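The file run.csv contains CSV, N, CA and C atoms:
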chain,number,residue,atom,x,y,z
A,1,MET,N,-103.3,-119.9,13.5
A,1,MET,CA,-102.1,-120.1,14.3
A,1,MET,C,-101.2,-121.2,13.6
A,2,LYS,N,-99.9,-120.9,13.5
A,2,LYS,CA,-99.0,-121.9,13.0
A,2,LYS,C,-98.6,-122.9,14.0
A,3,LYS,N,-98.5,-124.1,13.6
A,3,LYS,CA,-98.1,-125.2,14.5
A,3,LYS,C,-96.6,-125.2,14.5
A,4,ALA,N,-96.0,-125.3,15.7
A,4,ALA,CA,-94.5,-125.4,15.8
A,4,ALA,C,-94.0,-126.7,15.2
A,5,VAL,N,-93.0,-126.6,14.4
A,5,VAL,CA,-92.3,-127.8,13.8
A,5,VAL,C,-91.2,-128.2,14.7
A,6,LYS,N,-91.2,-129.4,15.1
A,6,LYS,CA,-90.1,-129.9,15.9
A,6,LYS,C,-88.8,-130.1,15.1
A,7,SER,N,-87.8,-129.5,15.5
A,7,SER,CA,-86.5,-129.6,14.7
A,7,SER,C,-85.7,-130.7,15.3
A,8,GLN,N,-84.9,-131.3,14.5
A,8,GLN,CA,-83.9,-132.3,14.9
A,8,GLN,C,-82.6,-131.7,15.3
A,9,ARG,N,-82.5,-130.5,15.2
A,9,ARG,CA,-81.2,-129.8,15.6
A,9,ARG,C,-81.1,-129.7,17.1
A,10,PRO,N,-79.9,-129.8,17.6
A,10,PRO,CA,-79.7,-129.7,19.1
A,10,PRO,C,-79.9,-128.3,19.6
A,11,VAL,N,-80.5,-128.2,20.7
A,11,VAL,CA,-80.8,-126.9,21.3
A,11,VAL,C,-79.5,-126.5,22.1
A,12,ASN,N,-78.9,-127.3,22.8
A,12,ASN,CA,-77.7,-127.0,23.6
A,12,ASN,C,-76.6,-127.8,23.1
A,13,LEU,N,-75.7,-127.2,22.4
A,13,LEU,CA,-74.5,-127.9,21.8
A,13,LEU,C,-73.4,-127.9,22.7
A,14,ASP,N,-73.2,-129.0,23.4
A,14,ASP,CA,-72.1,-129.1,24.4
A,14,ASP,C,-70.9,-129.7,23.6
A,15,LEU,N,-69.9,-128.9,23.4
A,15,LEU,CA,-68.7,-129.3,22.6
A,15,LEU,C,-67.9,-130.4,23.3
A,16,ARG,N,-68.0,-130.5,24.6
A,16,ARG,CA,-67.3,-131.6,25.3
A,16,ARG,C,-67.8,-133.0,25.1
A,17,THR,N,-69.0,-133.1,24.6
A,17,THR,CA,-69.6,-134.4,24.5
A,17,THR,C,-69.6,-134.8,23.0
A,18,ILE,N,-69.2,-134.0,22.1
A,18,ILE,CA,-69.1,-134.4,20.7
A,18,ILE,C,-67.9,-135.2,20.4
A,19,LYS,N,-68.1,-136.3,19.8
A,19,LYS,CA,-66.9,-137.2,19.4
A,19,LYS,C,-66.5,-136.8,18.0
A,20,LEU,N,-65.3,-136.2,18.0
A,20,LEU,CA,-64.7,-135.8,16.7
A,20,LEU,C,-63.9,-137.0,16.1
A,21,PRO,N,-63.8,-137.0,14.8
A,21,PRO,CA,-62.9,-138.1,14.2
A,21,PRO,C,-61.5,-137.7,14.3
A,22,ILE,N,-60.6,-138.6,14.2
A,22,ILE,CA,-59.2,-138.4,14.4
A,22,ILE,C,-58.6,-137.4,13.4
A,23,THR,N,-59.3,-137.3,12.2
A,23,THR,CA,-58.8,-136.3,11.2
A,23,THR,C,-59.1,-134.9,11.7
A,24,ALA,N,-60.1,-134.7,12.5
A,24,ALA,CA,-60.4,-133.4,13.1
A,24,ALA,C,-59.4,-133.0,14.1
A,25,TYR,N,-59.0,-134.0,14.9
A,25,TYR,CA,-57.9,-133.7,15.9
A,25,TYR,C,-56.6,-133.3,15.3
A,26,THR,N,-56.2,-134.0,14.3
A,26,THR,CA,-55.0,-133.7,13.6
A,26,THR,C,-55.0,-132.3,12.9
A,27,SER,N,-56.2,-132.0,12.4
A,27,SER,CA,-56.3,-130.7,11.8
A,27,SER,C,-56.3,-129.6,12.8
A,28,ILE,N,-56.9,-129.8,13.9
A,28,ILE,CA,-56.9,-128.8,15.0
A,28,ILE,C,-55.5,-128.6,15.5
A,29,LEU,N,-54.8,-129.7,15.7
A,29,LEU,CA,-53.5,-129.6,16.3
A,29,LEU,C,-52.5,-129.0,15.3
A,30,HIS,N,-52.8,-129.2,14.0
A,30,HIS,CA,-52.0,-128.5,12.9
A,30,HIS,C,-52.1,-127.0,13.0
A,31,ARG,N,-53.4,-126.6,13.2
A,31,ARG,CA,-53.6,-125.1,13.3
A,31,ARG,C,-53.0,-124.6,14.6
A,32,ILE,N,-53.1,-125.3,15.7
A,32,ILE,CA,-52.6,-124.8,17.0
A,32,ILE,C,-51.1,-124.7,16.9
A,33,SER,N,-50.4,-125.7,16.3
A,33,SER,CA,-49.0,-125.7,16.1
A,33,SER,C,-48.5,-124.6,15.3
A,34,GLY,N,-49.3,-124.2,14.3
A,34,GLY,CA,-49.0,-123.0,13.5
A,34,GLY,C,-49.0,-121.7,14.2
A,35,VAL,N,-50.0,-121.6,15.1
A,35,VAL,CA,-50.1,-120.4,16.0
A,35,VAL,C,-49.0,-120.4,16.9
A,36,ILE,N,-48.6,-121.5,17.5
A,36,ILE,CA,-47.5,-121.6,18.5
A,36,ILE,C,-46.2,-121.1,17.8
A,37,LEU,N,-46.0,-121.6,16.5
A,37,LEU,CA,-44.8,-121.2,15.8
A,37,LEU,C,-44.8,-119.7,15.5
A,38,PHE,N,-46.0,-119.2,15.2
A,38,PHE,CA,-46.0,-117.8,14.9
A,38,PHE,C,-45.7,-116.9,16.1
A,39,VAL,N,-46.2,-117.3,17.2
A,39,VAL,CA,-45.9,-116.6,18.5
A,39,VAL,C,-44.5,-116.8,18.9
A,40,GLY,N,-44.0,-118.1,18.8
A,40,GLY,CA,-42.7,-118.4,19.2
A,40,GLY,C,-41.6,-117.8,18.3
A,41,LEU,N,-42.0,-117.4,17.1
A,41,LEU,CA,-41.0,-116.7,16.2
A,41,LEU,C,-40.5,-115.4,16.9
A,42,ALA,N,-41.3,-114.7,17.6
A,42,ALA,CA,-40.9,-113.5,18.3
A,42,ALA,C,-39.8,-113.8,19.3
A,43,ILE,N,-40.0,-114.9,20.1
A,43,ILE,CA,-39.0,-115.3,21.1
A,43,ILE,C,-37.7,-115.7,20.4
A,44,MET,N,-37.8,-116.5,19.3
A,44,MET,CA,-36.6,-116.9,18.6
A,44,MET,C,-35.9,-115.7,18.0
A,45,LEU,N,-36.6,-114.8,17.4
A,45,LEU,CA,-36.0,-113.6,16.8
A,45,LEU,C,-35.3,-112.7,17.9
A,46,TYR,N,-36.0,-112.6,19.0
A,46,TYR,CA,-35.4,-111.8,20.1
A,46,TYR,C,-34.0,-112.4,20.5
A,47,ALA,N,-34.0,-113.7,20.7
A,47,ALA,CA,-32.8,-114.4,21.2
A,47,ALA,C,-31.7,-114.3,20.1
A,48,LEU,N,-32.1,-114.4,18.9
A,48,LEU,CA,-31.1,-114.3,17.8
A,48,LEU,C,-30.6,-112.9,17.7
A,49,ASP,N,-31.4,-111.9,17.9
A,49,ASP,CA,-30.9,-110.5,17.9
A,49,ASP,C,-30.0,-110.2,19.0
A,50,LYS,N,-30.4,-110.7,20.2
A,50,LYS,CA,-29.5,-110.5,21.4
A,50,LYS,C,-28.2,-111.2,21.2
A,51,SER,N,-28.2,-112.4,20.7
A,51,SER,CA,-27.0,-113.2,20.6
A,51,SER,C,-26.0,-112.6,19.5
A,52,LEU,N,-26.6,-112.0,18.5
A,52,LEU,CA,-25.8,-111.4,17.4
A,52,LEU,C,-25.3,-109.9,17.8
A,53,ASP,N,-25.9,-109.4,18.8
A,53,ASP,CA,-25.6,-108.0,19.2
A,53,ASP,C,-24.2,-107.8,19.7
A,54,SER,N,-23.8,-108.7,20.6
A,54,SER,CA,-22.4,-108.6,21.2
A,54,SER,C,-22.0,-109.9,21.7
A,55,PRO,N,-20.7,-110.1,22.0
A,55,PRO,CA,-20.3,-111.3,22.6
A,55,PRO,C,-21.0,-111.5,24.0
A,56,GLU,N,-21.2,-110.4,24.7
A,56,GLU,CA,-21.9,-110.6,26.0
A,56,GLU,C,-23.3,-111.0,25.8
A,57,GLY,N,-24.0,-110.5,24.8
A,57,GLY,CA,-25.4,-111.0,24.5
A,57,GLY,C,-25.4,-112.4,24.1
A,58,PHE,N,-24.4,-112.9,23.4
A,58,PHE,CA,-24.3,-114.3,23.0
A,58,PHE,C,-24.2,-115.2,24.3
A,59,GLU,N,-23.3,-114.7,25.2
A,59,GLU,CA,-23.1,-115.5,26.4
A,59,GLU,C,-24.4,-115.5,27.3
A,60,ASP,N,-25.1,-114.3,27.3
A,60,ASP,CA,-26.4,-114.3,28.0
A,60,ASP,C,-27.4,-115.3,27.5
A,61,VAL,N,-27.5,-115.3,26.2
A,61,VAL,CA,-28.5,-116.3,25.6
A,61,VAL,C,-28.0,-117.7,25.8
A,62,LYS,N,-26.7,-117.9,25.7
A,62,LYS,CA,-26.2,-119.3,25.9
A,62,LYS,C,-26.5,-119.7,27.4
A,63,ALA,N,-26.2,-118.8,28.3
A,63,ALA,CA,-26.5,-119.2,29.7
A,63,ALA,C,-28.0,-119.3,30.0
A,64,GLY,N,-28.8,-118.5,29.3
A,64,GLY,CA,-30.2,-118.6,29.5
A,64,GLY,C,-30.8,-119.9,29.0
A,65,LEU,N,-30.2,-120.4,28.0
A,65,LEU,CA,-30.7,-121.7,27.4
A,65,LEU,C,-30.4,-122.9,28.2
A,66,THR,N,-29.6,-122.7,29.2
A,66,THR,CA,-29.3,-123.9,30.1
A,66,THR,C,-30.4,-124.1,31.2
A,67,SER,N,-31.2,-123.1,31.4
A,67,SER,CA,-32.2,-123.2,32.5
A,67,SER,C,-33.3,-124.2,32.0
A,68,PRO,N,-34.0,-124.9,33.0
A,68,PRO,CA,-35.0,-125.8,32.7
A,68,PRO,C,-36.2,-125.2,32.0
A,69,LEU,N,-36.6,-123.9,32.3
A,69,LEU,CA,-37.7,-123.3,31.7
A,69,LEU,C,-37.4,-123.0,30.2
A,70,ALA,N,-36.1,-122.5,29.9
A,70,ALA,CA,-35.8,-122.3,28.6
A,70,ALA,C,-35.7,-123.6,27.7
A,71,LYS,N,-35.3,-124.6,28.4
A,71,LYS,CA,-35.3,-125.9,27.7
A,71,LYS,C,-36.7,-126.4,27.4
A,72,LEU,N,-37.6,-126.1,28.3
A,72,LEU,CA,-39.0,-126.5,28.1
A,72,LEU,C,-39.6,-125.7,27.0
A,73,VAL,N,-39.3,-124.4,26.9
A,73,VAL,CA,-39.8,-123.5,25.9
A,73,VAL,C,-39.3,-124.0,24.5
A,74,ALA,N,-38.0,-124.3,24.5
A,74,ALA,CA,-37.3,-124.7,23.3
A,74,ALA,C,-37.9,-126.0,22.8
A,75,TRP,N,-38.2,-126.9,23.7
A,75,TRP,CA,-38.8,-128.2,23.4
A,75,TRP,C,-40.2,-128.0,22.9
A,76,GLY,N,-40.9,-127.1,23.5
A,76,GLY,CA,-42.3,-126.8,23.0
A,76,GLY,C,-42.3,-126.3,21.6
A,77,LEU,N,-41.4,-125.3,21.4
A,77,LEU,CA,-41.4,-124.7,20.0
A,77,LEU,C,-40.9,-125.8,19.0
A,78,LEU,N,-39.9,-126.6,19.4
A,78,LEU,CA,-39.5,-127.6,18.4
A,78,LEU,C,-40.5,-128.7,18.2
A,79,SER,N,-41.3,-129.0,19.3
A,79,SER,CA,-42.4,-129.9,19.1
A,79,SER,C,-43.5,-129.4,18.2
A,80,ALA,N,-43.8,-128.1,18.3
A,80,ALA,CA,-44.8,-127.5,17.4
A,80,ALA,C,-44.3,-127.5,16.0
A,81,LEU,N,-43.0,-127.2,15.8
A,81,LEU,CA,-42.4,-127.3,14.5
A,81,LEU,C,-42.4,-128.7,13.9
A,82,LEU,N,-42.1,-129.7,14.6
A,82,LEU,CA,-42.0,-131.0,14.1
A,82,LEU,C,-43.4,-131.5,13.8
A,83,TYR,N,-44.4,-131.3,14.7
A,83,TYR,CA,-45.8,-131.7,14.3
A,83,TYR,C,-46.3,-131.0,13.1
A,84,HIS,N,-46.0,-129.7,13.0
A,84,HIS,CA,-46.5,-128.9,11.9
A,84,HIS,C,-45.8,-129.4,10.6
A,85,LEU,N,-44.6,-129.8,10.7
A,85,LEU,CA,-43.9,-130.3,9.5
A,85,LEU,C,-44.4,-131.6,9.1
A,86,VAL,N,-44.7,-132.6,10.0
A,86,VAL,CA,-45.2,-133.9,9.7
A,86,VAL,C,-46.6,-133.8,9.1
A,87,ALA,N,-47.4,-132.9,9.7
A,87,ALA,CA,-48.8,-132.8,9.2
A,87,ALA,C,-48.8,-132.0,7.8
A,88,GLY,N,-47.8,-131.1,7.6
A,88,GLY,CA,-47.7,-130.4,6.4
A,88,GLY,C,-47.3,-131.4,5.2
A,89,VAL,N,-46.4,-132.3,5.6
A,89,VAL,CA,-46.0,-133.3,4.6
A,89,VAL,C,-47.2,-134.2,4.2
A,90,ARG,N,-48.0,-134.5,5.2
A,90,ARG,CA,-49.3,-135.3,4.9
A,90,ARG,C,-50.2,-134.5,3.9
A,91,HIS,N,-50.3,-133.2,4.1
A,91,HIS,CA,-51.1,-132.4,3.2
A,91,HIS,C,-50.5,-132.4,1.8
A,92,LEU,N,-49.2,-132.3,1.7
A,92,LEU,CA,-48.6,-132.3,0.4
A,92,LEU,C,-48.8,-133.7,-0.3
A,93,ILE,N,-48.8,-134.8,0.5
A,93,ILE,CA,-49.0,-136.1,-0.1
A,93,ILE,C,-50.5,-136.2,-0.6
A,94,MET,N,-51.4,-135.6,0.2
A,94,MET,CA,-52.8,-135.6,-0.2
A,94,MET,C,-53.0,-134.7,-1.4
A,95,ASP,N,-52.2,-133.7,-1.6
A,95,ASP,CA,-52.4,-132.8,-2.7
A,95,ASP,C,-52.0,-133.6,-4.0
A,96,MET,N,-51.2,-134.6,-3.8
A,96,MET,CA,-50.8,-135.5,-5.0
A,96,MET,C,-51.8,-136.5,-5.3
A,97,GLY,N,-52.9,-136.6,-4.5
A,97,GLY,CA,-54.0,-137.5,-4.7
A,97,GLY,C,-53.9,-138.8,-3.9
A,98,ILE,N,-53.0,-138.9,-3.0
A,98,ILE,CA,-52.8,-140.1,-2.2
A,98,ILE,C,-53.5,-139.9,-0.8
A,99,GLY,N,-54.3,-140.8,-0.5
A,99,GLY,CA,-55.0,-140.7,0.8
A,99,GLY,C,-56.1,-139.8,0.9
A,100,GLU,N,-56.8,-139.5,-0.1
A,100,GLU,CA,-57.9,-138.6,-0.1
A,100,GLU,C,-59.2,-139.2,0.3
A,101,THR,N,-59.3,-140.5,0.4
A,101,THR,CA,-60.6,-141.2,0.8
A,101,THR,C,-60.7,-141.0,2.3
A,102,LEU,N,-61.9,-141.4,2.8
A,102,LEU,CA,-62.1,-141.3,4.2
A,102,LEU,C,-61.2,-142.2,5.0
A,103,GLU,N,-61.0,-143.4,4.5
A,103,GLU,CA,-60.1,-144.4,5.1
A,103,GLU,C,-58.7,-143.9,5.0
A,104,GLY,N,-58.3,-143.4,3.9
A,104,GLY,CA,-57.0,-142.9,3.7
A,104,GLY,C,-56.7,-141.7,4.6
A,105,GLY,N,-57.7,-140.9,4.8
A,105,GLY,CA,-57.5,-139.7,5.7
A,105,GLY,C,-57.3,-140.1,7.1
A,106,LYS,N,-58.1,-141.1,7.6
A,106,LYS,CA,-58.0,-141.6,8.9
A,106,LYS,C,-56.6,-142.3,9.1
A,107,LEU,N,-56.2,-143.1,8.2
A,107,LEU,CA,-54.9,-143.8,8.3
A,107,LEU,C,-53.8,-142.7,8.3
A,108,GLY,N,-53.9,-141.7,7.4
A,108,GLY,CA,-52.9,-140.7,7.4
A,108,GLY,C,-52.8,-139.9,8.7
A,109,SER,N,-53.9,-139.7,9.3
A,109,SER,CA,-54.0,-139.0,10.6
A,109,SER,C,-53.3,-139.8,11.7
A,110,LYS,N,-53.5,-141.1,11.7
A,110,LYS,CA,-52.9,-142.0,12.7
A,110,LYS,C,-51.4,-142.0,12.4
A,111,ILE,N,-51.0,-142.0,11.2
A,111,ILE,CA,-49.5,-142.0,10.9
A,111,ILE,C,-48.9,-140.7,11.3
A,112,VAL,N,-49.6,-139.6,11.1
A,112,VAL,CA,-49.1,-138.3,11.5
A,112,VAL,C,-48.9,-138.3,13.0
A,113,ILE,N,-49.8,-138.8,13.8
A,113,ILE,CA,-49.7,-138.8,15.2
A,113,ILE,C,-48.6,-139.7,15.7
A,114,VAL,N,-48.4,-140.9,15.1
A,114,VAL,CA,-47.4,-141.8,15.6
A,114,VAL,C,-46.0,-141.2,15.3
A,115,ILE,N,-45.8,-140.7,14.0
A,115,ILE,CA,-44.5,-140.2,13.7
A,115,ILE,C,-44.2,-138.9,14.5
A,116,SER,N,-45.2,-138.1,14.7
A,116,SER,CA,-45.0,-136.9,15.5
A,116,SER,C,-44.6,-137.2,16.9
A,117,VAL,N,-45.2,-138.2,17.6
A,117,VAL,CA,-44.9,-138.6,18.9
A,117,VAL,C,-43.5,-139.1,19.0
A,118,VAL,N,-43.1,-139.9,18.0
A,118,VAL,CA,-41.7,-140.4,18.0
A,118,VAL,C,-40.7,-139.3,17.9
A,119,VAL,N,-40.9,-138.4,16.9
A,119,VAL,CA,-39.9,-137.3,16.7
A,119,VAL,C,-39.9,-136.3,17.8
A,120,ILE,N,-41.0,-136.1,18.4
A,120,ILE,CA,-41.1,-135.1,19.6
A,120,ILE,C,-40.4,-135.7,20.8
A,121,VAL,N,-40.6,-137.0,21.0
A,121,VAL,CA,-39.9,-137.6,22.2
A,121,VAL,C,-38.4,-137.6,21.9
A,122,LEU,N,-37.9,-137.9,20.7
A,122,LEU,CA,-36.5,-137.9,20.3
A,122,LEU,C,-36.0,-136.4,20.5
A,123,ALA,N,-36.8,-135.4,20.1
A,123,ALA,CA,-36.3,-134.1,20.3
A,123,ALA,C,-36.2,-133.7,21.8
A,124,GLY,N,-37.1,-134.2,22.6
A,124,GLY,CA,-37.0,-134.0,24.1
A,124,GLY,C,-35.7,-134.7,24.6
A,125,VAL,N,-35.4,-135.9,24.2
A,125,VAL,CA,-34.2,-136.5,24.6
A,125,VAL,C,-33.0,-135.7,24.2
A,126,TRP,N,-33.0,-135.2,23.0
A,126,TRP,CA,-31.9,-134.4,22.5
A,126,TRP,C,-31.7,-133.1,23.2
A,127,ILE,N,-32.8,-132.4,23.6
A,127,ILE,CA,-32.7,-131.1,24.3
A,127,ILE,C,-32.3,-131.3,25.7
A,128,TRP,N,-32.9,-132.3,26.4
A,128,TRP,CA,-32.6,-132.5,27.8
A,128,TRP,C,-31.3,-133.2,28.0

Mind turning the file's structure into structure tokens?
Amino acid sequence: MKKAVKSQRPVNLDLRTIKLPITAYTSILHRISGVILFVGLAIMLYALDKSLDSPEGFEDVKAGLTSPLAKLVAWGLLSALLYHLVAGVRHLIMDMGIGETLEGGKLGSKIVIVISVVVIVLAGVWIW
């Protein structure tokens, strides 16, 4: 009979208890913002099509954008765009060989979060 070998691998992997590094959070948020932009593109194209269809359609879209829900959606889409842009610039900088170390990656992630929060808050002030 074979003796069971005790493995060091976890049996129950509880994702809520795992401490991820800041680089993982920025990467996950970058992917989520990309998905939001992809889905939001349908909303934006619909509004563009309706606004270009007729003067009445333009007025409908213009009036619809004054509602708090539409402003929230616009701010959400703009926030996703701004975060995705800032994180994308970080990736371009890393492609040039800057910030590829572990410490550089962590610092870059912190910078992405700070800049993103600032521009997202400014976008919220601009929209509201």

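One distance worth recording is that between atom N of Leu78 of chain A and atom CA of Ile93 of chain A, which is 23.5 Å.
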
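Distance check against Ile36 of chain A using only C-alpha atoms: of A:Ala80, A:Leu15, A:Gly57, A:Leu48, the minimum falls on A:Ala80.
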
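Note that atom CA of Ala74 of chain A and atom CA of Ala24 of chain A are 26.7 Å apart.
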
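Taking atom C of Asp60 of chain A and atom C of Leu72 of chain A as endpoints, the distance between them is 16.0 Å.
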
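Distances from A:Ile115, A:Leu20, A:Val11, A:Leu77 to Leu41 of chain A were compared using only N, CA and C atoms, and the smallest one belongs to A:Leu77.
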
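Using all atoms listed in the file for every distance, the candidate list A:Lys110, A:Val121, A:His30, A:Phe58 yields A:His30 as the residue closest to Gly88 of chain A.
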
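Considering all atoms listed in the file, the residue among A:Tyr83, A:Asp95, A:Val125, A:Ile111 positioned nearest to Leu29 of chain A is A:Tyr83.
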
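Shortest separation to Leu69 of chain A among A:Ser7, A:Ile98, A:Ile127, A:Ser54 occurs at residue A:Ile127, atoms counted being only C-alpha atoms.
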
Kindly reconstruct segment 60-77 of chain A with N, CA, C and O atoms and present the result as an mmCIF file, keeping the file's coordinate frame.
data_model
loop_
_atom_site.group_PDB
_atom_site.id
_atom_site.type_symbol
_atom_site.label_atom_id
_atom_site.label_comp_id
_atom_site.auth_asym_id
_atom_site.auth_seq_id
_atom_site.Cartn_x
_atom_site.Cartn_y
_atom_site.Cartn_z
ATOM 1 N N ASP A 60 -25.100 -114.300 27.300
ATOM 2 C CA ASP A 60 -26.400 -114.300 28.000
ATOM 3 C C ASP A 60 -27.400 -115.300 27.500
ATOM 4 O O ASP A 60 -28.064 -115.989 28.264
ATOM 5 N N VAL A 61 -27.500 -115.300 26.200
ATOM 6 C CA VAL A 61 -28.500 -116.300 25.600
ATOM 7 C C VAL A 61 -28.000 -117.700 25.800
ATOM 8 O O VAL A 61 -28.835 -118.557 26.164
ATOM 9 N N LYS A 62 -26.700 -117.900 25.700
ATOM 10 C CA LYS A 62 -26.200 -119.300 25.900
ATOM 11 C C LYS A 62 -26.500 -119.700 27.400
ATOM 12 O O LYS A 62 -26.874 -120.844 27.607
ATOM 13 N N ALA A 63 -26.200 -118.800 28.300
ATOM 14 C CA ALA A 63 -26.500 -119.200 29.700
ATOM 15 C C ALA A 63 -28.000 -119.300 30.000
ATOM 16 O O ALA A 63 -28.380 -120.185 30.764
ATOM 17 N N GLY A 64 -28.800 -118.500 29.300
ATOM 18 C CA GLY A 64 -30.200 -118.600 29.500
ATOM 19 C C GLY A 64 -30.800 -119.900 29.000
ATOM 20 O O GLY A 64 -31.800 -120.406 29.555
ATOM 21 N N LEU A 65 -30.200 -120.400 28.000
ATOM 22 C CA LEU A 65 -30.700 -121.700 27.400
ATOM 23 C C LEU A 65 -30.400 -122.900 28.200
ATOM 24 O O LEU A 65 -30.892 -123.985 27.888
ATOM 25 N N THR A 66 -29.600 -122.700 29.200
ATOM 26 C CA THR A 66 -29.300 -123.900 30.100
ATOM 27 C C THR A 66 -30.400 -124.100 31.200
ATOM 28 O O THR A 66 -30.370 -125.115 31.857
ATOM 29 N N SER A 67 -31.200 -123.100 31.400
ATOM 30 C CA SER A 67 -32.200 -123.200 32.500
ATOM 31 C C SER A 67 -33.300 -124.200 32.000
ATOM 32 O O SER A 67 -33.631 -124.351 30.856
ATOM 33 N N PRO A 68 -34.000 -124.900 33.000
ATOM 34 C CA PRO A 68 -35.000 -125.800 32.700
ATOM 35 C C PRO A 68 -36.200 -125.200 32.000
ATOM 36 O O PRO A 68 -36.809 -125.779 31.070
ATOM 37 N N LEU A 69 -36.600 -123.900 32.300
ATOM 38 C CA LEU A 69 -37.700 -123.300 31.700
ATOM 39 C C LEU A 69 -37.400 -123.000 30.200
ATOM 40 O O LEU A 69 -38.219 -123.195 29.353
ATOM 41 N N ALA A 70 -36.100 -122.500 29.900
ATOM 42 C CA ALA A 70 -35.800 -122.300 28.600
ATOM 43 C C ALA A 70 -35.700 -123.600 27.700
ATOM 44 O O ALA A 70 -36.134 -123.574 26.575
ATOM 45 N N LYS A 71 -35.300 -124.600 28.400
ATOM 46 C CA LYS A 71 -35.300 -125.900 27.700
ATOM 47 C C LYS A 71 -36.700 -126.400 27.400
ATOM 48 O O LYS A 71 -36.992 -126.948 26.308
ATOM 49 N N LEU A 72 -37.600 -126.100 28.300
ATOM 50 C CA LEU A 72 -39.000 -126.500 28.100
ATOM 51 C C LEU A 72 -39.600 -125.700 27.000
ATOM 52 O O LEU A 72 -40.339 -126.239 26.115
ATOM 53 N N VAL A 73 -39.300 -124.400 26.900
ATOM 54 C CA VAL A 73 -39.800 -123.500 25.900
ATOM 55 C C VAL A 73 -39.300 -124.000 24.500
ATOM 56 O O VAL A 73 -39.967 -124.083 23.519
ATOM 57 N N ALA A 74 -38.000 -124.300 24.500
ATOM 58 C CA ALA A 74 -37.300 -124.700 23.300
ATOM 59 C C ALA A 74 -37.900 -126.000 22.800
ATOM 60 O O ALA A 74 -38.178 -126.224 21.597
ATOM 61 N N TRP A 75 -38.200 -126.900 23.700
ATOM 62 C CA TRP A 75 -38.800 -128.200 23.400
ATOM 63 C C TRP A 75 -40.200 -128.000 22.900
ATOM 64 O O TRP A 75 -40.617 -128.684 21.914
ATOM 65 N N GLY A 76 -40.900 -127.100 23.500
ATOM 66 C CA GLY A 76 -42.300 -126.800 23.000
ATOM 67 C C GLY A 76 -42.300 -126.300 21.600
ATOM 68 O O GLY A 76 -43.131 -126.679 20.776
ATOM 69 N N LEU A 77 -41.400 -125.300 21.400
ATOM 70 C CA LEU A 77 -41.400 -124.700 20.000
ATOM 71 C C LEU A 77 -40.900 -125.800 19.000
ATOM 72 O O LEU A 77 -41.431 -125.854 17.878
#
